[in-house]
Structure formats: structure tokens, C-alpha cells
file work01.csv (CSV, C-alpha atoms and all ligand atoms)
chain,number,residue,atom,x,y,z
A,1,MET,CA,49.8,-13.8,-23.7
A,2,LYS,CA,46.3,-14.7,-25.1
A,3,LYS,CA,45.7,-17.0,-22.2
A,4,PHE,CA,46.6,-14.1,-19.8
A,5,ALA,CA,44.1,-11.7,-21.4
A,6,PHE,CA,41.4,-14.4,-21.3
A,7,ILE,CA,41.9,-15.0,-17.6
A,8,PHE,CA,41.9,-11.2,-17.0
A,9,LEU,CA,38.6,-10.7,-18.8
A,10,LEU,CA,37.1,-13.7,-17.1
A,11,SER,CA,37.9,-12.3,-13.6
A,12,ILE,CA,36.4,-9.0,-14.5
A,13,PHE,CA,33.2,-10.7,-15.6
A,14,LEU,CA,33.0,-12.8,-12.4
A,15,LEU,CA,33.6,-9.8,-10.3
A,16,ASN,CA,30.8,-7.9,-12.0
A,17,SER,CA,28.3,-10.7,-11.7
A,18,CYS,CA,29.1,-11.0,-8.0
A,19,THR,CA,28.3,-7.3,-7.4
A,20,ASP,CA,25.1,-7.6,-9.5
A,21,SER,CA,23.7,-10.5,-7.4
A,22,SER,CA,24.3,-8.7,-4.1
A,23,PRO,CA,21.2,-8.7,-1.9
A,24,GLU,CA,21.7,-5.0,-1.3
A,25,LYS,CA,21.1,-4.2,-5.0
A,26,LYS,CA,18.8,-1.2,-5.3
A,27,ALA,CA,15.4,-1.8,-7.0
A,28,THR,CA,15.7,1.1,-9.4
A,29,THR,CA,15.6,1.3,-13.1
A,30,VAL,CA,18.7,2.1,-15.2
A,31,ASN,CA,17.4,5.5,-16.3
A,32,GLU,CA,16.9,6.6,-12.8
A,33,MET,CA,20.2,8.2,-12.0
A,34,SER,CA,21.2,9.4,-8.5
A,35,LYS,CA,19.3,12.6,-7.7
A,36,ASN,CA,20.3,13.5,-4.2
A,37,ASN,CA,22.7,12.1,-1.6
A,38,PHE,CA,20.2,13.2,1.0
A,39,GLY,CA,16.8,15.0,1.1
A,40,LEU,CA,13.3,14.9,2.3
A,41,VAL,CA,9.6,15.4,1.4
A,42,ILE,CA,6.8,16.5,3.7
A,43,HIS,CA,3.0,16.6,3.4
A,44,GLY,CA,0.3,18.4,5.4
A,45,GLY,CA,-2.7,16.5,3.9
A,46,ALA,CA,-4.5,16.1,0.6
A,47,GLY,CA,-8.0,16.9,-0.6
A,48,THR,CA,-10.1,19.5,-2.4
A,49,ILE,CA,-7.7,22.3,-1.7
A,50,LEU,CA,-8.7,25.0,-4.2
A,51,LYS,CA,-7.3,28.4,-4.7
A,52,GLU,CA,-10.7,30.0,-4.7
A,53,ASN,CA,-11.4,28.7,-1.1
A,54,MET,CA,-8.1,30.1,0.2
A,55,THR,CA,-7.3,33.6,1.4
A,56,PRO,CA,-3.8,34.9,0.6
A,57,GLU,CA,-3.2,35.1,4.3
A,58,MET,CA,-4.0,31.4,4.8
A,59,GLU,CA,-2.0,30.4,1.9
A,60,ALA,CA,1.0,32.3,3.3
A,61,GLN,CA,0.6,30.7,6.7
A,62,TYR,CA,0.6,27.2,5.2
A,63,GLU,CA,3.6,27.9,3.0
A,64,ALA,CA,5.5,29.4,5.9
A,65,THR,CA,4.9,26.5,8.2
A,66,LEU,CA,5.7,23.9,5.5
A,67,LYS,CA,9.0,25.8,4.8
A,68,LYS,CA,9.9,26.0,8.5
A,69,ALA,CA,9.4,22.2,8.9
A,70,ALA,CA,11.3,21.4,5.7
A,71,GLN,CA,14.1,23.7,6.7
A,72,LYS,CA,14.4,21.9,10.1
A,73,GLY,CA,14.6,18.5,8.5
A,74,TYR,CA,17.2,19.7,6.0
A,75,GLU,CA,19.4,21.2,8.7
A,76,ILE,CA,19.4,17.8,10.6
A,77,LEU,CA,20.3,15.9,7.4
A,78,GLN,CA,22.9,18.5,6.3
A,79,ASN,CA,24.7,18.2,9.7
A,80,GLY,CA,24.9,14.4,9.3
A,81,GLY,CA,21.9,13.6,11.4
A,82,THR,CA,19.8,10.5,10.8
A,83,SER,CA,16.7,10.3,8.7
A,84,LEU,CA,14.8,9.1,11.7
A,85,ASP,CA,15.7,12.3,13.6
A,86,ALA,CA,14.8,14.4,10.6
A,87,VAL,CA,11.4,12.7,10.3
A,88,GLU,CA,10.6,13.0,14.0
A,89,GLN,CA,11.6,16.7,14.4
A,90,THR,CA,10.1,17.8,11.1
A,91,ILE,CA,6.8,16.3,12.1
A,92,HIS,CA,7.0,18.0,15.6
A,93,ILE,CA,6.8,21.4,13.8
A,94,LEU,CA,3.7,20.3,11.9
A,95,GLU,CA,2.1,18.6,15.0
A,96,ASN,CA,2.7,21.8,17.0
A,97,SER,CA,0.9,24.0,14.4
A,98,PRO,CA,-2.9,24.4,14.6
A,99,LEU,CA,-3.0,24.4,10.8
A,100,PHE,CA,-2.7,20.7,10.3
A,101,ASN,CA,-4.9,17.8,11.4
A,102,ALA,CA,-2.2,16.3,13.7
A,103,GLY,CA,-1.1,17.1,17.3
A,104,LYS,CA,-2.4,20.6,18.3
A,105,GLY,CA,-4.7,21.0,15.2
A,106,ALA,CA,-6.2,17.5,15.4
A,107,VAL,CA,-9.9,17.1,14.5
A,108,PHE,CA,-12.6,16.1,16.9
A,109,ALA,CA,-14.1,12.7,17.1
A,110,ASN,CA,-17.9,12.3,17.6
A,111,ASN,CA,-17.4,11.9,21.4
A,112,GLY,CA,-15.9,15.4,21.5
A,113,LYS,CA,-12.4,14.1,22.1
A,114,ASN,CA,-9.3,14.3,19.9
A,115,GLU,CA,-8.0,10.8,19.2
A,116,LEU,CA,-4.6,10.8,17.6
A,117,ASP,CA,-2.7,8.2,15.6
A,118,ALA,CA,1.0,8.1,14.4
A,119,SER,CA,3.6,5.8,13.1
A,120,ILE,CA,7.3,5.7,12.1
A,121,MET,CA,9.5,3.2,10.3
A,122,GLU,CA,13.2,2.9,9.7
A,123,GLY,CA,14.4,1.5,6.3
A,124,LYS,CA,17.7,0.0,7.5
A,125,THR,CA,16.3,-2.4,10.0
A,126,LEU,CA,12.6,-2.5,9.0
A,127,ASN,CA,11.8,-1.6,12.6
A,128,ALA,CA,8.6,0.2,13.1
A,129,GLY,CA,6.4,1.7,15.9
A,130,ALA,CA,3.0,3.2,16.1
A,131,VAL,CA,0.3,4.6,18.5
A,132,ALA,CA,-3.4,4.8,18.0
A,133,GLY,CA,-6.3,6.6,19.7
A,134,VAL,CA,-4.1,8.6,22.1
A,135,THR,CA,-5.7,11.7,23.7
A,136,ASN,CA,-3.0,13.4,25.9
A,137,LEU,CA,0.3,13.1,24.1
A,138,LYS,CA,1.7,16.4,22.7
A,139,ASN,CA,3.7,14.7,20.0
A,140,PRO,CA,2.4,11.3,19.0
A,141,ILE,CA,5.2,10.8,16.5
A,142,SER,CA,7.7,10.6,19.4
A,143,ALA,CA,5.5,8.0,21.1
A,144,ALA,CA,5.6,5.9,17.9
A,145,ARG,CA,9.4,6.2,17.9
A,146,LYS,CA,9.6,5.1,21.6
A,147,VAL,CA,7.3,2.1,20.8
A,148,MET,CA,9.8,1.2,18.0
A,149,GLU,CA,12.9,1.6,20.0
A,150,ASN,CA,12.0,0.7,23.5
A,151,SER,CA,9.2,-1.9,23.3
A,152,ASP,CA,8.8,-5.4,21.9
A,153,HIS,CA,5.8,-4.2,20.0
A,154,VAL,CA,4.8,-2.3,16.8
A,155,LEU,CA,1.4,-0.8,17.7
A,156,LEU,CA,0.1,0.3,21.1
A,157,ALA,CA,-3.4,1.8,21.5
A,158,ARG,CA,-5.3,4.3,23.7
A,159,GLN,CA,-4.7,4.2,27.5
A,160,GLY,CA,-1.9,1.6,27.3
A,161,ALA,CA,0.0,3.7,24.7
A,162,GLU,CA,-0.5,6.8,26.9
A,163,GLU,CA,0.9,5.0,30.0
A,164,PHE,CA,3.8,3.7,28.0
A,165,ALA,CA,4.6,7.1,26.6
A,166,ALA,CA,4.4,8.7,30.1
A,167,LEU,CA,6.9,6.0,31.4
A,168,GLN,CA,9.2,7.0,28.5
A,169,GLY,CA,9.2,10.6,29.8
A,170,LEU,CA,7.2,12.0,26.9
A,171,GLU,CA,5.3,15.3,27.3
A,172,ILE,CA,1.7,14.7,28.5
A,173,VAL,CA,-0.8,17.5,28.0
A,174,ASP,CA,-4.3,18.3,29.3
A,175,THR,CA,-6.8,17.2,26.6
A,176,SER,CA,-7.9,20.8,26.4
A,177,TYR,CA,-4.5,21.5,24.6
A,178,PHE,CA,-6.0,20.1,21.4
A,179,TYR,CA,-9.0,22.4,21.4
A,180,THR,CA,-9.1,24.7,18.4
A,181,GLU,CA,-12.2,26.7,17.6
A,182,ALA,CA,-12.0,25.8,13.9
A,183,ARG,CA,-11.9,22.1,14.4
A,184,PHE,CA,-14.7,22.3,17.1
A,185,LYS,CA,-16.9,24.1,14.7
A,186,SER,CA,-16.2,21.5,12.1
A,187,LEU,CA,-17.5,18.8,14.4
A,188,GLN,CA,-20.7,20.8,15.2
A,189,LYS,CA,-21.3,21.2,11.4
A,190,ALA,CA,-20.6,17.6,10.7
A,191,LYS,CA,-23.1,16.6,13.4
A,192,MET,CA,-25.7,18.8,11.9
A,193,GLY,CA,-25.3,16.7,8.7
A,194,ASN,CA,-25.2,13.0,9.1
A,195,GLN,CA,-24.7,12.1,12.7
A,196,ASP,CA,-23.5,8.6,11.9
A,197,LYS,CA,-20.9,9.4,9.3
A,198,ALA,CA,-17.4,10.7,9.9
A,199,ALA,CA,-17.3,13.9,8.0
A,200,TYR,CA,-14.8,13.8,5.2
A,201,ILE,CA,-15.8,17.4,4.5
A,202,ASP,CA,-14.4,20.1,6.7
A,203,PRO,CA,-17.1,22.7,6.3
A,204,TYR,CA,-15.4,25.4,8.4
A,205,ILE,CA,-12.7,26.0,5.9
A,206,LYS,CA,-14.9,25.0,3.0
A,207,GLU,CA,-12.5,22.4,1.6
A,208,TYR,CA,-12.7,18.7,1.2
A,209,LYS,CA,-9.4,17.8,2.8
A,210,TYR,CA,-7.7,15.5,5.2
A,211,GLY,CA,-4.8,17.3,6.8
A,212,THR,CA,-2.7,14.5,8.2
A,213,VAL,CA,1.1,15.3,8.2
A,214,GLY,CA,4.0,13.2,7.1
A,215,CYS,CA,7.7,13.2,6.4
A,216,VAL,CA,10.1,10.9,4.4
A,217,ALA,CA,13.8,11.3,4.4
A,218,LEU,CA,17.1,9.9,3.1
A,219,ASP,CA,20.2,10.7,5.2
A,220,LYS,CA,23.9,10.9,4.2
A,221,ASP,CA,24.5,7.3,5.3
A,222,GLY,CA,21.9,6.1,2.7
A,223,ASN,CA,19.2,5.3,5.4
A,224,LEU,CA,15.6,5.9,4.7
A,225,ALA,CA,12.8,6.7,7.3
A,226,ALA,CA,9.1,7.6,7.1
A,227,GLY,CA,6.6,9.0,9.6
A,228,THR,CA,2.9,10.0,9.7
A,229,SER,CA,0.8,11.7,12.3
A,230,THR,CA,-2.9,12.5,12.3
A,231,GLY,CA,-6.1,13.3,14.2
A,232,GLY,CA,-8.0,11.0,11.8
A,233,MET,CA,-11.4,12.0,10.5
A,234,THR,CA,-13.8,14.7,12.0
A,235,ASN,CA,-16.8,13.0,13.7
A,236,LYS,CA,-15.2,9.5,13.7
A,237,LYS,CA,-17.0,7.1,16.0
A,238,TRP,CA,-16.3,3.9,17.9
A,239,ASN,CA,-12.6,4.6,18.2
A,240,ARG,CA,-12.2,4.4,14.5
A,241,ILE,CA,-8.6,4.1,13.4
A,242,GLY,CA,-7.4,5.0,9.9
A,243,ASP,CA,-4.3,4.1,7.9
A,244,SER,CA,-1.9,6.5,9.5
A,245,PRO,CA,-0.7,4.2,12.3
A,246,ILE,CA,-0.8,1.1,10.1
A,247,ILE,CA,2.6,0.1,8.8
A,248,GLY,CA,2.3,-0.8,5.1
A,249,ALA,CA,-0.7,1.5,4.6
A,250,GLY,CA,0.1,4.9,6.1
A,251,THR,CA,3.8,4.5,6.5
A,252,TYR,CA,6.5,2.3,5.1
A,253,ALA,CA,10.3,2.4,4.7
A,254,ASN,CA,12.8,-0.1,3.3
A,255,ASN,CA,16.4,0.7,2.4
A,256,LYS,CA,16.1,-1.5,-0.7
A,257,THR,CA,13.4,0.7,-2.2
A,258,CYS,CA,11.9,3.8,-0.7
A,259,ALA,CA,10.1,5.5,2.2
A,260,VAL,CA,6.4,6.5,1.9
A,261,SER,CA,3.9,8.5,4.0
A,262,SER,CA,0.2,8.6,3.0
A,263,THR,CA,-2.7,10.9,3.5
A,264,GLY,CA,-6.3,10.5,2.4
A,265,HIS,CA,-9.4,8.4,3.0
A,266,GLY,CA,-7.8,5.9,5.4
A,267,GLU,CA,-10.1,2.9,4.9
A,268,TYR,CA,-9.0,2.7,1.2
A,269,PHE,CA,-5.4,3.1,2.0
A,270,ILE,CA,-5.5,0.2,4.4
A,271,ARG,CA,-7.3,-2.0,1.9
A,272,ALA,CA,-4.9,-1.1,-0.8
A,273,ALA,CA,-1.8,-1.4,1.5
A,274,VAL,CA,-0.7,1.7,-0.3
A,275,ALA,CA,2.7,2.4,1.2
A,276,TYR,CA,3.9,-1.2,1.0
A,277,ASP,CA,2.5,-1.6,-2.5
A,278,ILE,CA,4.7,1.2,-3.8
A,279,SER,CA,7.8,-0.4,-2.3
A,280,ALA,CA,6.8,-3.9,-3.5
A,281,MET,CA,6.4,-2.7,-7.1
A,282,MET,CA,9.9,-1.3,-7.0
A,283,GLU,CA,11.3,-4.4,-5.4
A,284,TYR,CA,9.6,-7.1,-7.4
A,285,LYS,CA,8.9,-5.3,-10.7
A,286,SER,CA,11.9,-3.0,-10.8
A,287,MET,CA,9.6,0.0,-11.3
A,288,SER,CA,11.0,3.4,-10.6
A,289,LEU,CA,9.5,5.2,-7.6
A,290,GLU,CA,7.7,7.6,-9.8
A,291,GLU,CA,6.1,4.8,-11.9
A,292,ALA,CA,5.1,2.8,-8.8
A,293,ALA,CA,3.6,5.9,-7.0
A,294,LYS,CA,1.6,6.8,-10.1
A,295,GLU,CA,0.3,3.3,-10.6
A,296,VAL,CA,-0.9,3.0,-7.0
A,297,ILE,CA,-2.4,6.4,-6.5
A,298,GLN,CA,-3.7,7.2,-10.0
A,299,ASN,CA,-4.8,3.7,-11.0
A,300,LYS,CA,-5.2,1.1,-8.3
A,301,LEU,CA,-6.5,3.4,-5.5
A,302,LYS,CA,-8.6,5.6,-7.8
A,303,LYS,CA,-10.3,2.5,-9.3
A,304,MET,CA,-11.3,1.5,-5.7
A,305,GLY,CA,-12.7,5.0,-5.1
A,306,GLY,CA,-9.9,6.1,-2.7
A,307,ASP,CA,-9.0,9.8,-2.5
A,308,GLY,CA,-5.6,11.0,-1.4
A,309,GLY,CA,-1.9,11.0,-2.0
A,310,ILE,CA,1.6,10.1,-0.8
A,311,ILE,CA,5.0,11.5,-0.5
A,312,ALA,CA,8.0,9.3,-1.0
A,313,ILE,CA,11.8,9.3,-1.5
A,314,ASP,CA,13.9,6.5,-2.8
A,315,THR,CA,17.5,5.3,-2.1
A,316,ASN,CA,18.7,7.5,-4.9
A,317,GLY,CA,17.1,10.6,-3.4
A,318,ASN,CA,14.3,10.9,-6.0
A,319,LEU,CA,11.6,13.1,-4.4
A,320,VAL,CA,8.0,12.3,-5.2
A,321,ALA,CA,4.6,13.8,-4.3
A,322,GLU,CA,1.7,12.0,-6.0
A,323,PHE,CA,-2.0,12.7,-5.3
A,324,ASN,CA,-5.4,12.1,-7.0
A,325,THR,CA,-7.1,15.0,-5.2
A,326,PRO,CA,-7.1,18.7,-6.4
A,327,GLY,CA,-4.4,19.5,-3.9
A,328,MET,CA,-1.9,18.4,-1.3
A,329,TYR,CA,0.1,20.5,1.1
A,330,ARG,CA,3.7,19.5,0.4
A,331,ALA,CA,7.3,20.5,0.3
A,332,LYS,CA,10.4,18.9,-1.2
A,333,VAL,CA,14.0,19.6,-0.2
A,334,ASP,CA,17.0,18.5,-2.3
A,335,GLU,CA,20.6,18.1,-1.1
A,336,ASN,CA,21.4,21.7,-1.9
A,337,GLY,CA,18.7,22.9,0.5
A,338,ASN,CA,16.3,24.1,-2.3
A,339,ILE,CA,12.8,23.9,-0.9
A,340,THR,CA,9.8,23.6,-3.3
A,341,VAL,CA,6.5,24.2,-1.6
A,342,GLY,CA,3.2,23.1,-3.4
A,343,ILE,CA,-0.4,23.3,-2.5
A,344,TYR,CA,-2.5,22.8,-5.7
A,345,LYS,CA,-2.0,20.6,-8.7
A,346,GLU,CA,1.0,21.8,-10.8
A,401,LIG,N1,-5.6,9.1,6.4
A,401,LIG,C1,-6.1,9.8,7.6
A,401,LIG,C2,-7.2,8.9,8.2
A,401,LIG,O1,-7.9,8.2,7.4
A,401,LIG,C3,-6.7,11.1,7.3
A,401,LIG,C4,-5.8,12.0,6.6
A,401,LIG,O2,-5.0,11.6,5.8
A,401,LIG,O3,-5.9,13.3,6.8
A,401,LIG,O4,-7.3,8.8,9.4
call {"tool": "encode", "arguments": {"input": "work01.csv", "output": "C-alpha cells"}}
result
Amino acid sequence: MKKFAFIFLLSIFLLNSCTDSSPEKKATTVNEMSKNNFGLVIHGGAGTILKENMTPEMEAQYEATLKKAAQKGYEILQNGGTSLDAVEQTIHILENSPLFNAGKGAVFANNGKNELDASIMEGKTLNAGAVAGVTNLKNPISAARKVMENSDHVLLARQGAEEFAALQGLEIVDTSYFYTEARFKSLQKAKMGNQDKAAYIDPYIKEYKYGTVGCVALDKDGNLAAGTSTGGMTNKKWNRIGDSPIIGAGTYANNKTCAVSSTGHGEYFIRAAVAYDISAMMEYKSMSLEEAAKEVIQNKLKKMGGDGGIIAIDTNGNLVAEFNTPGMYRAKVDENGNITVGIYKE
């Protein structure tokens, strides 16, 4: 009888250790219990977004658009859609709004053009796609997805990326589609200042902000995805490209850990490999998503002098928005469809 009990206990022990050493084991800490079976987080840029610079009407417009985008993503996930579809379609709403520095509302480069960047990544396969410096694609995030799914490459740039997107049947627009008076005035003001510097200040709306958009999502099948889309920096020169189309800096997703989308001063985000660093801290140091995001944004990036923030979601559906600027346009949606919109620091 004793021998039987011993064999029974031994098999339970062996079974447990097999499960623990599975390569699929999630890199989360014990105290991080499952939060949501599915959910998403979006951002519309970080910077010196202060209540005193905002009219109630503008605040309402930002809130309404963030809510609309978040609601769209939620509906896709709720109906069993993939995180990739949720990310792409949510970003379409933000790209199609003139409020954000992506798609329609993209800022102007020094040459008077709008040069757009975007990237997308899938956590299950670690597949990724991106476009940089495109000037006539209505929704650059969809071009990034086509690069991921229908090409042998990860990053296509400028005319080549535009030709590829056209062959893929994506919507091409006249470059005048991206003209908005507000962004054009920002370029004029930036040029009155220092001709040679990309203006990190958007004088027209009197706030020091970036305005890139992004979305991260976890679907019901446990798959993560992340996407980011931007017009870059006002008055940027020499076909400057920031972090948004750079996998590991502006965007990263890995089903073992989390999905991340960044916004901020791109040069710092590239050098700090921000999005990948957060995932790596979870994978190799078993940090929680919250701890890893805080460490990278509030400590590592800040020490380098980098301004900005990230949104992220992990495999357990923890929703995070971390930024070291006074504000970041953002919204979180949990599995019950509760949408929490934020603009300023809490
Ligand atoms: N990160 C973007 C860039 O540097 C700007 C932004 O986040 O708004 O191009």
C-alpha cells in the first residue's frame, strides 16, 4: 500500500515538473493573476498635454475618437476576431482622424510632404511588417500588414513600399489628402524657429506632444499583436525615420510575454530598443509587465533623456499605459467592454 502511494506521488511530481519546463511557459510573476481573457490598449501620442492648453471641445473630440477606436477593437475581439484584425482596424479609425499624427493628420516634413511610417507584429509567429516614408497610402498600417503577410521582407521604404502596396490593392490617395491646416501652420512656425531642427514642439496647439497612434491586443485564442502608425516629427529632414516602423523599438509582440506600441522622441526609443526591452525583461528576468514597463520608461529611457511612453498588454490580459511625459492620449478596454480613456497623468 505504501509503495503504491509513493508511486502515485512520484508520478504527480513528474507530471508537474514536465508542465513547468514547457517552452510555452508564460514569463509572468506568481502574483500576476489572469486579468482579462482578451482586451486592448490604444494610444494617440504622448507629450506635454496639459489641461490648461486644452479647450473642453478639443478634449471631448479626442475622448470621442479614442472611445470609437477602442469600441471597434473590442467588438472584433468580442466576436472572436484576431488580435491582428483588432489592431489594424482600430488604427484605421485613428489614422482616418485629423486629430492624430498618423494617416490623415500626419505632420509635415521640412520638404512640405507628409512622410508616413507604420509597423505591425504578431506574437504567435513573431512575424512582422513595416513601411517607412510613404506619401500616398491612406492607411499605412495596412501596408505594414501586407508586407508581413505577402512579402519576404520586414521593412519596405518610400516609392518601393508604395508600389508594393498598390499591387496589393491598398487605397492610394493624392498627397493633398494629408493636408490639414493645423499641421501646415505647425511646419511654418517650426521653420520660423530653427530651420535645421525637427520641431518637437507643435506650436499651433501649444503643446509639446508627439501624436503617433498605436494599438496592442490580446484575442480569445491567447494571441497578441501590436501596431504603430505615425507621420513622424514636424520639419523632419533628409527622409528621417523614427522608431515607429522599427520592430523592437516602436512595436513588438511575443506570445511568451507581451505586445508593446511606443510613442515619443523616436531616436531615443530606437537606441533603447524600448518595445523589445520590455518583453526581454519579462522573458529573462521574470518581471511583470507593469514592472518592466516602469523600469524602461521611468528609469532607463528617462536617464538617456528620452521623452514618451508605451502601451502594452501581456498574455494574462494585464493592460498597461506608462509614460514619462505630462500626458498621453490613451484608452484601455477590458474583457467586459469597459473603456477607460485617459489624457493627463492620473
Ligand atoms: N515616435 C515618433 C517618431 O519619433 C513620434 C511620435 O511618437 O509621435 O517618429
call {"tool": "residues_near_ligand", "arguments": {"input": "work01.csv", "ligand": "ligand LIG 401 (chain A)", "cutoff": "9 Å", "atoms": "only C-alpha atoms and all ligand atoms", "output": "PyMOL selection string"}}
result
chain A and resi 44-47+100-102+116-117+200+209-213+228-233+240-245+250+262-270+308-309
call {"tool": "atom_distance", "arguments": {"input": "work01.csv", "atom1": "atom CA of A:Glu181", "atom2": "atom CA of A:Ser119"}}
result
26.6 Å
call {"tool": "closest_residue", "arguments": {"input": "work01.csv", "among": "A:Leu50, A:Ile278, A:Leu94, A:Ile42", "to": "A:Gly327", "atoms": "all atoms listed in the file"}}
result
A:Leu50
call {"tool": "atom_distance", "arguments": {"input": "work01.csv", "atom1": "atom CA of A:Lys294", "atom2": "atom CA of A:Asn223"}}
result
23.5 Å
call {"tool": "residues_around", "arguments": {"input": "work01.csv", "residues": "A:Ile310", "least_positions_apart": "5", "cutoff": "8 Å", "atoms": "all atoms listed in the file", "output": "ChimeraX atom specification"}}
result
/A:43,260-263,293,297,321-323
call {"tool": "atom_distance", "arguments": {"input": "work01.csv", "atom1": "atom CA of A:Leu84", "atom2": "atom CA of A:Ala253"}}
result
10.7 Å
call {"tool": "closest_residue", "arguments": {"input": "work01.csv", "among": "A:Lys35, A:Ser83, A:Gln71, A:Ala272", "to": "A:Gly123", "atoms": "only C-alpha atoms"}}
result
A:Ser83
call {"tool": "residues_around", "arguments": {"input": "work01.csv", "residues": "A:Asn36", "least_positions_apart": "3", "cutoff": "8 Å", "atoms": "only C-alpha atoms", "output": "PyMOL selection string"}}
result
chain A and resi 39+316-318+334-335
call {"tool": "write_last_selection", "arguments": {"input": "work01.csv", "atoms": "C-alpha atoms", "output": "PDB file, keeping the file's coordinate frame"}}
result
ATOM      1  CA  GLY A  39      16.800  15.000   1.100  1.00  0.00           C
ATOM      2  CA  ASN A 316      18.700   7.500  -4.900  1.00  0.00           C
ATOM      3  CA  GLY A 317      17.100  10.600  -3.400  1.00  0.00           C
ATOM      4  CA  ASN A 318      14.300  10.900  -6.000  1.00  0.00           C
ATOM      5  CA  ASP A 334      17.000  18.500  -2.300  1.00  0.00           C
ATOM      6  CA  GLU A 335      20.600  18.100  -1.100  1.00  0.00           C
TER       7      GLU A 335
END
call {"tool": "residues_around", "arguments": {"input": "work01.csv", "residues": "A:Asn338", "least_positions_apart": "5", "cutoff": "12 Å", "atoms": "only C-alpha atoms", "output": "list in words"}}
result
Asn36, Gly39, Leu40, Val41, Lys67, Ala70, Gln71, Tyr74, Glu75, Ala331, Lys332 and Val333 of chain A
call {"tool": "residues_around", "arguments": {"input": "work01.csv", "residues": "A:Phe178", "least_positions_apart": "3", "cutoff": "7 Å", "atoms": "all atoms listed in the file", "output": "PyMOL selection string"}}
result
chain A and resi 104-106+114+175
call {"tool": "closest_residue", "arguments": {"input": "work01.csv", "among": "A:Ala157, A:Met192, A:Val131, A:Ala217", "to": "A:Ile76", "atoms": "only C-alpha atoms"}}
result
A:Ala217
call {"tool": "closest_residue", "arguments": {"input": "work01.csv", "among": "A:Asn37, A:Thr135, A:Asn96, A:Thr251", "to": "A:Asn239", "atoms": "only C-alpha atoms"}}
result
A:Thr135
call {"tool": "closest_residue", "arguments": {"input": "work01.csv", "among": "A:Glu63, A:Glu162, A:Asp277, A:Glu122", "to": "A:Asn254", "atoms": "all atoms listed in the file"}}
result
A:Glu122
